[in-house]
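Undergrad: This is the content of coords05.cif (mmCIF, N, CA and C atoms):
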```cif
data_structure
loop_
_atom_site.label_atom_id
_atom_site.label_comp_id
_atom_site.auth_asym_id
_atom_site.auth_seq_id
_atom_site.Cartn_x
_atom_site.Cartn_y
_atom_site.Cartn_z
N MET A 519 -32.93 9.57 54.50
CA MET A 519 -31.78 10.47 54.56
C MET A 519 -32.22 11.77 55.22
N SER A 520 -31.43 12.26 56.13
CA SER A 520 -31.78 13.49 56.83
C SER A 520 -31.54 14.71 55.94
N PHE A 521 -32.18 15.81 56.31
CA PHE A 521 -32.04 17.06 55.57
C PHE A 521 -30.60 17.54 55.57
N SER A 522 -29.90 17.40 56.70
CA SER A 522 -28.51 17.86 56.76
C SER A 522 -27.61 17.02 55.85
N ASN A 523 -27.89 15.72 55.74
CA ASN A 523 -27.12 14.88 54.82
C ASN A 523 -27.37 15.29 53.37
N LEU A 524 -28.62 15.59 53.05
CA LEU A 524 -28.97 16.01 51.70
C LEU A 524 -28.29 17.34 51.36
N LYS A 525 -28.29 18.29 52.31
CA LYS A 525 -27.61 19.57 52.11
C LYS A 525 -26.11 19.35 51.86
N GLU A 526 -25.51 18.42 52.58
CA GLU A 526 -24.08 18.14 52.42
C GLU A 526 -23.80 17.54 51.03
N ILE A 527 -24.67 16.65 50.58
CA ILE A 527 -24.51 16.06 49.24
C ILE A 527 -24.62 17.15 48.18
N TYR A 528 -25.64 18.02 48.31
CA TYR A 528 -25.81 19.11 47.35
C TYR A 528 -24.59 20.03 47.35
N LYS A 529 -24.07 20.34 48.53
CA LYS A 529 -22.88 21.18 48.63
C LYS A 529 -21.70 20.53 47.91
N GLN A 530 -21.54 19.23 48.07
CA GLN A 530 -20.45 18.51 47.42
C GLN A 530 -20.60 18.50 45.90
N VAL A 531 -21.84 18.33 45.42
CA VAL A 531 -22.10 18.35 43.97
C VAL A 531 -21.70 19.71 43.39
N ILE A 532 -22.06 20.78 44.09
CA ILE A 532 -21.70 22.12 43.62
C ILE A 532 -20.18 22.30 43.61
N LEU A 533 -19.51 21.88 44.67
CA LEU A 533 -18.05 22.00 44.73
C LEU A 533 -17.37 21.19 43.64
N ASP A 534 -17.86 19.97 43.40
CA ASP A 534 -17.27 19.13 42.36
C ASP A 534 -17.40 19.76 40.98
N HIS A 535 -18.58 20.29 40.66
CA HIS A 535 -18.78 20.94 39.35
C HIS A 535 -17.93 22.20 39.24
N SER A 536 -17.71 22.89 40.34
CA SER A 536 -16.91 24.10 40.32
C SER A 536 -15.43 23.80 40.13
N LYS A 537 -14.93 22.81 40.86
CA LYS A 537 -13.50 22.46 40.76
C LYS A 537 -13.16 21.71 39.48
N TYR A 538 -14.08 20.87 39.03
CA TYR A 538 -13.84 20.02 37.85
C TYR A 538 -15.01 20.20 36.87
N PRO A 539 -15.09 21.37 36.24
CA PRO A 539 -16.24 21.65 35.39
C PRO A 539 -16.31 20.71 34.18
N HIS A 540 -17.51 20.29 33.87
CA HIS A 540 -17.77 19.43 32.71
C HIS A 540 -17.93 20.32 31.48
N ASN A 541 -17.51 19.82 30.35
CA ASN A 541 -17.68 20.50 29.05
C ASN A 541 -17.04 21.88 29.02
N TYR A 542 -15.90 22.02 29.69
CA TYR A 542 -15.18 23.28 29.69
C TYR A 542 -14.37 23.37 28.41
N GLY A 543 -14.49 24.47 27.71
CA GLY A 543 -13.77 24.67 26.47
C GLY A 543 -14.64 25.46 25.51
N SER A 544 -14.20 25.52 24.27
CA SER A 544 -14.90 26.32 23.27
C SER A 544 -15.12 25.50 22.01
N LEU A 545 -16.18 25.81 21.31
CA LEU A 545 -16.47 25.18 20.02
C LEU A 545 -16.38 26.25 18.94
N ASP A 546 -15.94 25.86 17.75
CA ASP A 546 -16.03 26.75 16.61
C ASP A 546 -17.48 26.69 16.14
N SER A 547 -18.22 27.70 16.48
CA SER A 547 -19.65 27.68 16.22
C SER A 547 -20.18 29.08 15.99
N ILE A 548 -21.22 29.17 15.18
CA ILE A 548 -21.86 30.47 15.03
C ILE A 548 -22.81 30.74 16.20
N TYR A 549 -23.10 29.70 16.97
CA TYR A 549 -23.97 29.85 18.13
C TYR A 549 -23.12 30.01 19.37
N LYS A 550 -22.67 31.24 19.58
CA LYS A 550 -21.76 31.55 20.69
C LYS A 550 -22.15 32.91 21.24
N LEU A 551 -22.16 33.00 22.58
CA LEU A 551 -22.53 34.25 23.20
C LEU A 551 -21.82 34.38 24.54
N GLU A 552 -21.34 35.59 24.81
CA GLU A 552 -20.68 35.89 26.08
C GLU A 552 -21.50 36.92 26.83
N MET A 553 -21.62 36.71 28.14
CA MET A 553 -22.30 37.69 28.99
C MET A 553 -21.52 37.85 30.27
N LEU A 554 -21.77 38.98 30.92
CA LEU A 554 -21.08 39.35 32.14
C LEU A 554 -22.10 39.64 33.23
N ASN A 555 -21.77 39.21 34.43
CA ASN A 555 -22.56 39.55 35.62
C ASN A 555 -21.75 40.63 36.35
N PRO A 556 -22.06 41.90 36.13
CA PRO A 556 -21.24 42.97 36.71
C PRO A 556 -21.25 43.00 38.24
N SER A 557 -22.30 42.48 38.85
CA SER A 557 -22.37 42.55 40.32
C SER A 557 -21.36 41.62 40.99
N CYS A 558 -20.94 40.58 40.27
CA CYS A 558 -20.02 39.60 40.86
C CYS A 558 -18.72 39.47 40.05
N GLY A 559 -18.77 39.91 38.81
CA GLY A 559 -17.59 39.79 37.95
C GLY A 559 -17.54 38.50 37.16
N ASP A 560 -18.62 37.69 37.22
CA ASP A 560 -18.67 36.46 36.44
C ASP A 560 -18.73 36.80 34.95
N LYS A 561 -17.97 36.04 34.16
CA LYS A 561 -17.96 36.23 32.71
C LYS A 561 -17.96 34.84 32.08
N ILE A 562 -19.00 34.55 31.31
CA ILE A 562 -19.16 33.21 30.74
C ILE A 562 -19.46 33.32 29.25
N THR A 563 -18.83 32.45 28.47
CA THR A 563 -19.13 32.31 27.05
C THR A 563 -19.63 30.89 26.83
N ILE A 564 -20.80 30.78 26.22
CA ILE A 564 -21.39 29.49 25.87
C ILE A 564 -21.28 29.34 24.36
N SER A 565 -20.84 28.18 23.90
CA SER A 565 -20.86 27.89 22.47
C SER A 565 -21.60 26.56 22.27
N MET A 566 -22.45 26.55 21.25
CA MET A 566 -23.27 25.36 20.97
C MET A 566 -23.10 24.95 19.52
N ASP A 567 -23.10 23.64 19.32
CA ASP A 567 -23.18 23.06 17.99
C ASP A 567 -24.61 22.56 17.85
N ILE A 568 -25.39 23.25 17.03
CA ILE A 568 -26.80 22.92 16.86
C ILE A 568 -27.01 22.38 15.45
N GLU A 569 -27.57 21.18 15.39
CA GLU A 569 -27.91 20.56 14.11
C GLU A 569 -29.31 19.99 14.19
N ASN A 570 -30.10 20.25 13.17
CA ASN A 570 -31.47 19.72 13.10
C ASN A 570 -32.25 20.02 14.38
N ASN A 571 -32.09 21.25 14.89
CA ASN A 571 -32.77 21.69 16.11
C ASN A 571 -32.46 20.85 17.34
N HIS A 572 -31.26 20.28 17.38
CA HIS A 572 -30.76 19.56 18.55
C HIS A 572 -29.40 20.13 18.94
N ILE A 573 -29.14 20.15 20.23
CA ILE A 573 -27.85 20.62 20.73
C ILE A 573 -26.89 19.43 20.68
N LYS A 574 -26.14 19.37 19.59
CA LYS A 574 -25.21 18.26 19.39
C LYS A 574 -24.07 18.32 20.41
N ASP A 575 -23.58 19.55 20.69
CA ASP A 575 -22.52 19.73 21.67
C ASP A 575 -22.66 21.12 22.27
N ILE A 576 -22.15 21.27 23.47
CA ILE A 576 -22.17 22.57 24.16
C ILE A 576 -20.96 22.63 25.06
N LYS A 577 -20.33 23.79 25.08
CA LYS A 577 -19.17 24.02 25.94
C LYS A 577 -19.24 25.42 26.51
N PHE A 578 -18.48 25.64 27.56
CA PHE A 578 -18.41 26.98 28.13
C PHE A 578 -16.98 27.28 28.57
N VAL A 579 -16.66 28.55 28.57
CA VAL A 579 -15.43 29.06 29.18
C VAL A 579 -15.83 30.26 30.01
N GLY A 580 -15.06 30.51 31.03
CA GLY A 580 -15.39 31.68 31.82
C GLY A 580 -14.59 31.76 33.10
N THR A 581 -14.85 32.85 33.77
CA THR A 581 -14.26 33.09 35.08
C THR A 581 -15.38 33.57 35.99
N GLY A 582 -15.24 33.27 37.25
CA GLY A 582 -16.24 33.73 38.19
C GLY A 582 -16.26 32.91 39.45
N CYS A 583 -17.29 33.13 40.22
CA CYS A 583 -17.43 32.45 41.51
C CYS A 583 -17.78 30.98 41.31
N SER A 584 -17.69 30.23 42.38
CA SER A 584 -17.95 28.79 42.30
C SER A 584 -19.39 28.49 41.89
N ILE A 585 -20.33 29.33 42.28
CA ILE A 585 -21.74 29.11 41.91
C ILE A 585 -21.91 29.24 40.40
N SER A 586 -21.35 30.28 39.80
CA SER A 586 -21.52 30.47 38.35
C SER A 586 -20.82 29.38 37.55
N MET A 587 -19.64 28.97 37.99
CA MET A 587 -18.92 27.92 37.27
C MET A 587 -19.63 26.56 37.42
N ALA A 588 -20.09 26.25 38.62
CA ALA A 588 -20.81 24.99 38.84
C ALA A 588 -22.10 24.98 38.04
N SER A 589 -22.82 26.08 38.04
CA SER A 589 -24.08 26.16 37.32
C SER A 589 -23.88 25.99 35.82
N ALA A 590 -22.84 26.60 35.27
CA ALA A 590 -22.54 26.46 33.84
C ALA A 590 -22.20 25.01 33.51
N SER A 591 -21.44 24.36 34.35
CA SER A 591 -21.09 22.96 34.16
C SER A 591 -22.34 22.08 34.17
N MET A 592 -23.21 22.32 35.14
CA MET A 592 -24.46 21.55 35.24
C MET A 592 -25.33 21.77 34.01
N LEU A 593 -25.43 23.02 33.58
CA LEU A 593 -26.21 23.35 32.39
C LEU A 593 -25.75 22.53 31.19
N THR A 594 -24.45 22.51 30.94
CA THR A 594 -23.95 21.82 29.76
C THR A 594 -24.29 20.33 29.81
N ASP A 595 -24.18 19.73 31.00
CA ASP A 595 -24.55 18.32 31.14
C ASP A 595 -26.03 18.10 30.86
N GLU A 596 -26.84 19.03 31.32
CA GLU A 596 -28.28 18.82 31.28
C GLU A 596 -28.92 19.08 29.92
N ILE A 597 -28.33 19.96 29.10
CA ILE A 597 -29.01 20.23 27.82
C ILE A 597 -28.29 19.65 26.61
N LYS A 598 -27.09 19.12 26.79
CA LYS A 598 -26.38 18.51 25.67
C LYS A 598 -27.20 17.33 25.14
N GLY A 599 -27.40 17.31 23.83
CA GLY A 599 -28.13 16.22 23.19
C GLY A 599 -29.63 16.42 23.11
N LEU A 600 -30.14 17.46 23.76
CA LEU A 600 -31.59 17.70 23.75
C LEU A 600 -32.02 18.48 22.51
N SER A 601 -33.30 18.34 22.17
CA SER A 601 -33.88 19.22 21.16
C SER A 601 -33.93 20.62 21.75
N LEU A 602 -34.01 21.62 20.89
CA LEU A 602 -34.09 22.99 21.37
C LEU A 602 -35.33 23.17 22.24
N GLU A 603 -36.42 22.52 21.87
CA GLU A 603 -37.66 22.62 22.64
C GLU A 603 -37.48 22.05 24.05
N LYS A 604 -36.88 20.88 24.16
CA LYS A 604 -36.67 20.28 25.48
C LYS A 604 -35.64 21.06 26.30
N ALA A 605 -34.62 21.58 25.63
CA ALA A 605 -33.61 22.39 26.33
C ALA A 605 -34.26 23.65 26.88
N GLU A 606 -35.10 24.28 26.09
CA GLU A 606 -35.76 25.50 26.54
C GLU A 606 -36.68 25.20 27.74
N LYS A 607 -37.35 24.06 27.72
CA LYS A 607 -38.21 23.68 28.84
C LYS A 607 -37.38 23.46 30.11
N LYS A 608 -36.22 22.81 29.94
CA LYS A 608 -35.34 22.56 31.09
C LYS A 608 -34.79 23.88 31.64
N ILE A 609 -34.41 24.78 30.75
CA ILE A 609 -33.91 26.09 31.17
C ILE A 609 -34.98 26.84 31.94
N ASN A 610 -36.21 26.85 31.42
CA ASN A 610 -37.30 27.54 32.11
C ASN A 610 -37.58 26.91 33.47
N THR A 611 -37.48 25.60 33.55
CA THR A 611 -37.68 24.90 34.83
C THR A 611 -36.63 25.34 35.83
N PHE A 612 -35.36 25.37 35.40
CA PHE A 612 -34.27 25.81 36.28
C PHE A 612 -34.49 27.25 36.75
N LEU A 613 -34.82 28.13 35.81
CA LEU A 613 -35.01 29.54 36.17
C LEU A 613 -36.18 29.70 37.14
N ASN A 614 -37.24 28.93 36.96
CA ASN A 614 -38.36 28.97 37.92
C ASN A 614 -37.89 28.52 39.30
N MET A 615 -37.09 27.46 39.34
CA MET A 615 -36.57 26.96 40.62
C MET A 615 -35.75 28.05 41.32
N ILE A 616 -34.84 28.67 40.59
CA ILE A 616 -33.95 29.67 41.18
C ILE A 616 -34.72 30.91 41.64
N MET A 617 -35.82 31.21 40.97
CA MET A 617 -36.62 32.38 41.34
C MET A 617 -37.60 32.04 42.47
N GLY A 618 -37.59 30.78 42.93
CA GLY A 618 -38.46 30.39 44.03
C GLY A 618 -39.88 30.08 43.60
N ASN A 619 -40.09 29.88 42.29
CA ASN A 619 -41.40 29.54 41.76
C ASN A 619 -41.59 28.03 41.72
N ASP A 620 -42.81 27.60 41.46
CA ASP A 620 -43.08 26.17 41.31
C ASP A 620 -42.31 25.63 40.11
N TYR A 621 -41.82 24.40 40.24
CA TYR A 621 -41.09 23.76 39.15
C TYR A 621 -41.18 22.24 39.33
N ASP A 622 -40.91 21.53 38.25
CA ASP A 622 -40.93 20.07 38.27
C ASP A 622 -39.49 19.59 38.47
N GLU A 623 -39.16 19.18 39.70
CA GLU A 623 -37.77 18.77 40.00
C GLU A 623 -37.35 17.54 39.21
N ASN A 624 -38.30 16.79 38.68
CA ASN A 624 -37.97 15.61 37.87
C ASN A 624 -37.34 15.98 36.53
N LEU A 625 -37.48 17.24 36.12
CA LEU A 625 -36.89 17.68 34.86
C LEU A 625 -35.43 18.10 35.01
N LEU A 626 -34.97 18.22 36.25
CA LEU A 626 -33.60 18.66 36.50
C LEU A 626 -32.74 17.53 37.03
N GLU A 627 -31.45 17.65 36.82
CA GLU A 627 -30.50 16.66 37.31
C GLU A 627 -29.67 17.29 38.43
N ASP A 628 -28.36 17.37 38.28
CA ASP A 628 -27.50 17.95 39.32
C ASP A 628 -27.88 19.38 39.68
N SER A 629 -28.45 20.11 38.74
CA SER A 629 -28.74 21.52 38.98
C SER A 629 -29.76 21.74 40.11
N VAL A 630 -30.48 20.71 40.48
CA VAL A 630 -31.42 20.84 41.60
C VAL A 630 -30.65 21.16 42.90
N ALA A 631 -29.37 20.89 42.91
CA ALA A 631 -28.53 21.20 44.07
C ALA A 631 -28.44 22.71 44.32
N LEU A 632 -28.80 23.50 43.31
CA LEU A 632 -28.74 24.96 43.44
C LEU A 632 -30.07 25.56 43.91
N GLU A 633 -31.01 24.73 44.26
CA GLU A 633 -32.35 25.19 44.63
C GLU A 633 -32.34 26.28 45.69
N ASN A 634 -31.54 26.16 46.71
CA ASN A 634 -31.55 27.11 47.81
C ASN A 634 -30.93 28.47 47.46
N ILE A 635 -30.38 28.60 46.27
CA ILE A 635 -29.85 29.89 45.83
C ILE A 635 -30.97 30.93 45.82
N SER A 636 -32.21 30.47 45.65
CA SER A 636 -33.33 31.41 45.64
C SER A 636 -33.43 32.21 46.94
N THR A 637 -32.85 31.69 48.00
CA THR A 637 -32.87 32.40 49.29
C THR A 637 -31.69 33.37 49.44
N LEU A 638 -30.82 33.41 48.44
CA LEU A 638 -29.64 34.28 48.45
C LEU A 638 -29.69 35.21 47.24
N PRO A 639 -30.46 36.28 47.31
CA PRO A 639 -30.68 37.15 46.14
C PRO A 639 -29.40 37.61 45.44
N ALA A 640 -28.34 37.82 46.18
CA ALA A 640 -27.09 38.28 45.57
C ALA A 640 -26.45 37.21 44.69
N ARG A 641 -26.82 35.95 44.87
CA ARG A 641 -26.23 34.85 44.12
C ARG A 641 -27.10 34.36 42.96
N VAL A 642 -28.32 34.86 42.86
CA VAL A 642 -29.24 34.43 41.80
C VAL A 642 -28.64 34.69 40.43
N LYS A 643 -28.06 35.88 40.23
CA LYS A 643 -27.47 36.20 38.93
C LYS A 643 -26.30 35.28 38.61
N CYS A 644 -25.56 34.89 39.62
CA CYS A 644 -24.43 33.96 39.43
C CYS A 644 -24.94 32.62 38.91
N ALA A 645 -25.99 32.13 39.53
CA ALA A 645 -26.53 30.81 39.19
C ALA A 645 -27.23 30.80 37.85
N THR A 646 -27.80 31.93 37.44
CA THR A 646 -28.61 31.95 36.22
C THR A 646 -27.87 32.42 34.98
N LEU A 647 -26.67 32.94 35.12
CA LEU A 647 -25.97 33.54 33.99
C LEU A 647 -25.85 32.60 32.79
N ALA A 648 -25.29 31.43 32.98
CA ALA A 648 -25.10 30.49 31.86
C ALA A 648 -26.43 30.05 31.26
N TRP A 649 -27.42 29.88 32.12
CA TRP A 649 -28.75 29.45 31.67
C TRP A 649 -29.40 30.53 30.81
N LYS A 650 -29.24 31.80 31.20
CA LYS A 650 -29.82 32.90 30.43
C LYS A 650 -29.09 33.07 29.09
N ILE A 651 -27.78 32.83 29.09
CA ILE A 651 -27.02 32.88 27.83
C ILE A 651 -27.56 31.81 26.88
N SER A 652 -27.72 30.61 27.38
CA SER A 652 -28.21 29.51 26.55
C SER A 652 -29.63 29.78 26.06
N GLU A 653 -30.46 30.33 26.93
CA GLU A 653 -31.83 30.68 26.54
C GLU A 653 -31.80 31.66 25.38
N LYS A 654 -30.92 32.66 25.45
CA LYS A 654 -30.83 33.66 24.39
C LYS A 654 -30.34 33.04 23.09
N ILE A 655 -29.35 32.15 23.17
CA ILE A 655 -28.86 31.47 21.95
C ILE A 655 -30.00 30.69 21.31
N ILE A 656 -30.73 29.94 22.10
CA ILE A 656 -31.84 29.12 21.57
C ILE A 656 -32.93 30.02 20.98
N ASN A 657 -33.30 31.08 21.69
CA ASN A 657 -34.33 31.98 21.17
C ASN A 657 -33.89 32.64 19.87
N ASP A 658 -32.63 33.05 19.78
CA ASP A 658 -32.12 33.66 18.56
C ASP A 658 -32.07 32.64 17.42
N LYS A 659 -31.73 31.41 17.74
CA LYS A 659 -31.68 30.34 16.72
C LYS A 659 -33.07 30.07 16.17
N GLU A 660 -34.07 30.08 17.05
CA GLU A 660 -35.44 29.79 16.62
C GLU A 660 -35.98 30.89 15.71
N ILE A 661 -35.43 32.09 15.82
CA ILE A 661 -35.85 33.20 14.96
C ILE A 661 -35.31 33.01 13.54
N ASP A 662 -34.13 32.38 13.41
CA ASP A 662 -33.50 32.17 12.10
C ASP A 662 -34.41 31.47 11.12
#
```
Could you write out this file's structure as structure tokens?

TA:
Amino acid sequence: MSFSNLKEIYKQVILDHSKYPHNYGSLDSIYKLEMLNPSCGDKITISMDIENNHIKDIKFVGTGCSISMASASMLTDEIKGLSLEKAEKKINTFLNMIMGNDYDENLLEDSVALENISTLPARVKCATLAWKISEKIINDKEID
């Protein structure tokens, strides 16, 4: 497969997640956090149902650009059902990828389509917002 075909597939994956976000909605949960990206106006709330240190369910609501909405959708698909430890590892892998650092692409699913965001500094906050919210929820939960 050529590089241009791969770029087109990645572009389509991002558009699909943006137009038809997975796990959109809210959970009645004590594990809920909202954050804002003031530079773009993205606003996302993540809610998680955590039982026995596993993410039983995760949902998000929000408004923002297609990158932030697609990234939030991808996040929910990728960490739902994982242990907090595995979710945290996946989140760190994604954040390393977006920052242009070394990462294990085998640990990521659709979110690998956002890899080139690292070359667009103005969009990094858009792509990482939902992931940073989830990281904070997990870190706060582990303190409990």

Undergrad: Write out as JSON, numbers by chain the residues lying within 6 Å of Thr563 (chain A), counting only C-alpha atoms and excluding same-chain residues fewer than 2 positions away.

TA: {"A": [551, 552, 578, 579]}

Undergrad: Take the residues from that selection and put them in a file with N, CA and C atoms, as a CSV table (one decimal), in the coordinates of the input.

TA:
```csv
chain,number,residue,atom,x,y,z
A,551,LEU,N,-22.2,33.0,22.6
A,551,LEU,CA,-22.5,34.2,23.2
A,551,LEU,C,-21.8,34.4,24.5
A,552,GLU,N,-21.3,35.6,24.8
A,552,GLU,CA,-20.7,35.9,26.1
A,552,GLU,C,-21.5,36.9,26.8
A,578,PHE,N,-18.5,25.6,27.6
A,578,PHE,CA,-18.4,27.0,28.1
A,578,PHE,C,-17.0,27.3,28.6
A,579,VAL,N,-16.7,28.6,28.6
A,579,VAL,CA,-15.4,29.1,29.2
A,579,VAL,C,-15.8,30.3,30.0
```

Undergrad: Residue by residue, what does the PyMOL selection byres (((chain A and resi 605 and name CA) around 10) and name CA) grab here? Present the result as a list in words.

TA: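 This file gives the following for the PyMOL selection byres (((chain A and resi 605 and name CA) around 10) and name CA): His572, Ile573, Leu593, Glu596, Ile597, Lys598, Gly599, Leu600, Ser601, Leu602, Glu603, Lys604, Glu606, Lys607, Lys608, Ile609, Asn610, Thr611, Ser652, Glu653 and Ile656 of chain A.
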
Undergrad: Which residue out of A:His535, A:Asn657, A:Gln530, A:Asp575 has the minimum interatomic distance to Ala590 (chain A) when only N, CA and C atoms are used?

TA: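 That would be A:His535, the residue with the smallest distance to Ala590 (chain A).
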
Undergrad: When you count only C-alpha atoms, which of these residues is closest to Ala645 (chain A): A:Asp546, A:Glu526, A:Asp560, A:Asp620?

TA: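 Counting only C-alpha atoms, the residue closest to Ala645 (chain A) is A:Asp560.
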
Undergrad: Take the PyMOL selection byres (((chain A and resi 559 and name CA) around 10) and name CA), run it mentally on this structure, and tell me the resulting residues as a PyMOL selection string.

TA: chain A and resi 554-558+560-562+581-583+644

Undergrad: Which one is closest to Ser629 (chain A): A:Ser589, A:Ser565, A:Ile576, A:Lys537? Count all atoms listed in the file.

TA: A:Ser589

Undergrad: So which bits of region 561-641 of chain A end up alpha helix (DSSP H) when you DSSP the backbone, as a JSON list (two decimals) with N, CA and C atoms, keeping the file's coordinate frame?

TA:
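Now in selection02.json:
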```json
[["chain", "number", "residue", "atom", "x", "y", "z"],
["A", 584, "SER", "N", -17.69, 30.23, 42.38],
["A", 584, "SER", "CA", -17.95, 28.79, 42.30],
["A", 584, "SER", "C", -19.39, 28.49, 41.89],
["A", 585, "ILE", "N", -20.33, 29.33, 42.28],
["A", 585, "ILE", "CA", -21.74, 29.11, 41.91],
["A", 585, "ILE", "C", -21.91, 29.24, 40.40],
["A", 586, "SER", "N", -21.35, 30.28, 39.80],
["A", 586, "SER", "CA", -21.52, 30.47, 38.35],
["A", 586, "SER", "C", -20.82, 29.38, 37.55],
["A", 587, "MET", "N", -19.64, 28.97, 37.99],
["A", 587, "MET", "CA", -18.92, 27.92, 37.27],
["A", 587, "MET", "C", -19.63, 26.56, 37.42],
["A", 588, "ALA", "N", -20.09, 26.25, 38.62],
["A", 588, "ALA", "CA", -20.81, 24.99, 38.84],
["A", 588, "ALA", "C", -22.10, 24.98, 38.04],
["A", 589, "SER", "N", -22.82, 26.08, 38.04],
["A", 589, "SER", "CA", -24.08, 26.16, 37.32],
["A", 589, "SER", "C", -23.88, 25.99, 35.82],
["A", 590, "ALA", "N", -22.84, 26.60, 35.27],
["A", 590, "ALA", "CA", -22.54, 26.46, 33.84],
["A", 590, "ALA", "C", -22.20, 25.01, 33.51],
["A", 591, "SER", "N", -21.44, 24.36, 34.35],
["A", 591, "SER", "CA", -21.09, 22.96, 34.16],
["A", 591, "SER", "C", -22.34, 22.08, 34.17],
["A", 592, "MET", "N", -23.21, 22.32, 35.14],
["A", 592, "MET", "CA", -24.46, 21.55, 35.24],
["A", 592, "MET", "C", -25.33, 21.77, 34.01],
["A", 593, "LEU", "N", -25.43, 23.02, 33.58],
["A", 593, "LEU", "CA", -26.21, 23.35, 32.39],
["A", 593, "LEU", "C", -25.75, 22.53, 31.19],
["A", 594, "THR", "N", -24.45, 22.51, 30.94],
["A", 594, "THR", "CA", -23.95, 21.82, 29.76],
["A", 594, "THR", "C", -24.29, 20.33, 29.81],
["A", 595, "ASP", "N", -24.18, 19.73, 31.00],
["A", 595, "ASP", "CA", -24.55, 18.32, 31.14],
["A", 595, "ASP", "C", -26.03, 18.10, 30.86],
["A", 596, "GLU", "N", -26.84, 19.03, 31.32],
["A", 596, "GLU", "CA", -28.28, 18.82, 31.28],
["A", 596, "GLU", "C", -28.92, 19.08, 29.92],
["A", 597, "ILE", "N", -28.33, 19.96, 29.10],
["A", 597, "ILE", "CA", -29.01, 20.23, 27.82],
["A", 597, "ILE", "C", -28.29, 19.65, 26.61],
["A", 602, "LEU", "N", -34.01, 21.62, 20.89],
["A", 602, "LEU", "CA", -34.09, 22.99, 21.37],
["A", 602, "LEU", "C", -35.33, 23.17, 22.24],
["A", 603, "GLU", "N", -36.42, 22.52, 21.87],
["A", 603, "GLU", "CA", -37.66, 22.62, 22.64],
["A", 603, "GLU", "C", -37.48, 22.05, 24.05],
["A", 604, "LYS", "N", -36.88, 20.88, 24.16],
["A", 604, "LYS", "CA", -36.67, 20.28, 25.48],
["A", 604, "LYS", "C", -35.64, 21.06, 26.30],
["A", 605, "ALA", "N", -34.62, 21.58, 25.63],
["A", 605, "ALA", "CA", -33.61, 22.39, 26.33],
["A", 605, "ALA", "C", -34.26, 23.65, 26.88],
["A", 606, "GLU", "N", -35.10, 24.28, 26.09],
["A", 606, "GLU", "CA", -35.76, 25.50, 26.54],
["A", 606, "GLU", "C", -36.68, 25.20, 27.74],
["A", 607, "LYS", "N", -37.35, 24.06, 27.72],
["A", 607, "LYS", "CA", -38.21, 23.68, 28.84],
["A", 607, "LYS", "C", -37.38, 23.46, 30.11],
["A", 608, "LYS", "N", -36.22, 22.81, 29.94],
["A", 608, "LYS", "CA", -35.34, 22.56, 31.09],
["A", 608, "LYS", "C", -34.79, 23.88, 31.64],
["A", 609, "ILE", "N", -34.41, 24.78, 30.75],
["A", 609, "ILE", "CA", -33.91, 26.09, 31.17],
["A", 609, "ILE", "C", -34.98, 26.84, 31.94],
["A", 610, "ASN", "N", -36.21, 26.85, 31.42],
["A", 610, "ASN", "CA", -37.30, 27.54, 32.11],
["A", 610, "ASN", "C", -37.58, 26.91, 33.47],
["A", 611, "THR", "N", -37.48, 25.60, 33.55],
["A", 611, "THR", "CA", -37.68, 24.90, 34.83],
["A", 611, "THR", "C", -36.63, 25.34, 35.83],
["A", 612, "PHE", "N", -35.36, 25.37, 35.40],
["A", 612, "PHE", "CA", -34.27, 25.81, 36.28],
["A", 612, "PHE", "C", -34.49, 27.25, 36.75],
["A", 613, "LEU", "N", -34.82, 28.13, 35.81],
["A", 613, "LEU", "CA", -35.01, 29.54, 36.17],
["A", 613, "LEU", "C", -36.18, 29.70, 37.14],
["A", 614, "ASN", "N", -37.24, 28.93, 36.96],
["A", 614, "ASN", "CA", -38.36, 28.97, 37.92],
["A", 614, "ASN", "C", -37.89, 28.52, 39.30],
["A", 615, "MET", "N", -37.09, 27.46, 39.34],
["A", 615, "MET", "CA", -36.57, 26.96, 40.62],
["A", 615, "MET", "C", -35.75, 28.05, 41.32],
["A", 616, "ILE", "N", -34.84, 28.67, 40.59],
["A", 616, "ILE", "CA", -33.95, 29.67, 41.18],
["A", 616, "ILE", "C", -34.72, 30.91, 41.64],
["A", 639, "PRO", "N", -30.46, 36.28, 47.31],
["A", 639, "PRO", "CA", -30.68, 37.15, 46.14],
["A", 639, "PRO", "C", -29.40, 37.61, 45.44],
["A", 640, "ALA", "N", -28.34, 37.82, 46.18],
["A", 640, "ALA", "CA", -27.09, 38.28, 45.57],
["A", 640, "ALA", "C", -26.45, 37.21, 44.69],
["A", 641, "ARG", "N", -26.82, 35.95, 44.87],
["A", 641, "ARG", "CA", -26.23, 34.85, 44.12],
["A", 641, "ARG", "C", -27.10, 34.36, 42.96]]
```

Undergrad: With all atoms of region 537-540 of chain A from the file as input, state the centre and edge lengths in Å to one decimal of the axis-aligned box that has 3 Å extra on each side, as JSON.

TA:
```
{"center_x": -15.5, "center_y": 21.1, "center_z": 36.2, "size_x": 10.8, "size_y": 9.4, "size_z": 15.4}
```

Undergrad: Assuming the chain letters and numbering stay as they are in my file, what does the PyMOL selection byres (((chain A and resi 642 and name CA) around 12) and name CA) actually select? List them as a PyMOL selection string.

TA: chain A and resi 555+557-558+583+585-586+589+612-618+632-641+643-650

Undergrad: Quick one: pick out all strand (DSSP E) residues within chain A from a backbone DSSP run and write them as a PyMOL selection string.

TA: chain A and resi 549-555+560-569+572-581

Undergrad: For each of A:Tyr621, A:Ile655, A:Met566, A:Tyr528, take the minimum atom-to-atom distance to Ser544 (chain A), counting only C-alpha atoms, then give the residue where this is smallest.

TA: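 Distance minimum relative to Ser544 (chain A) lands on A:Met566.
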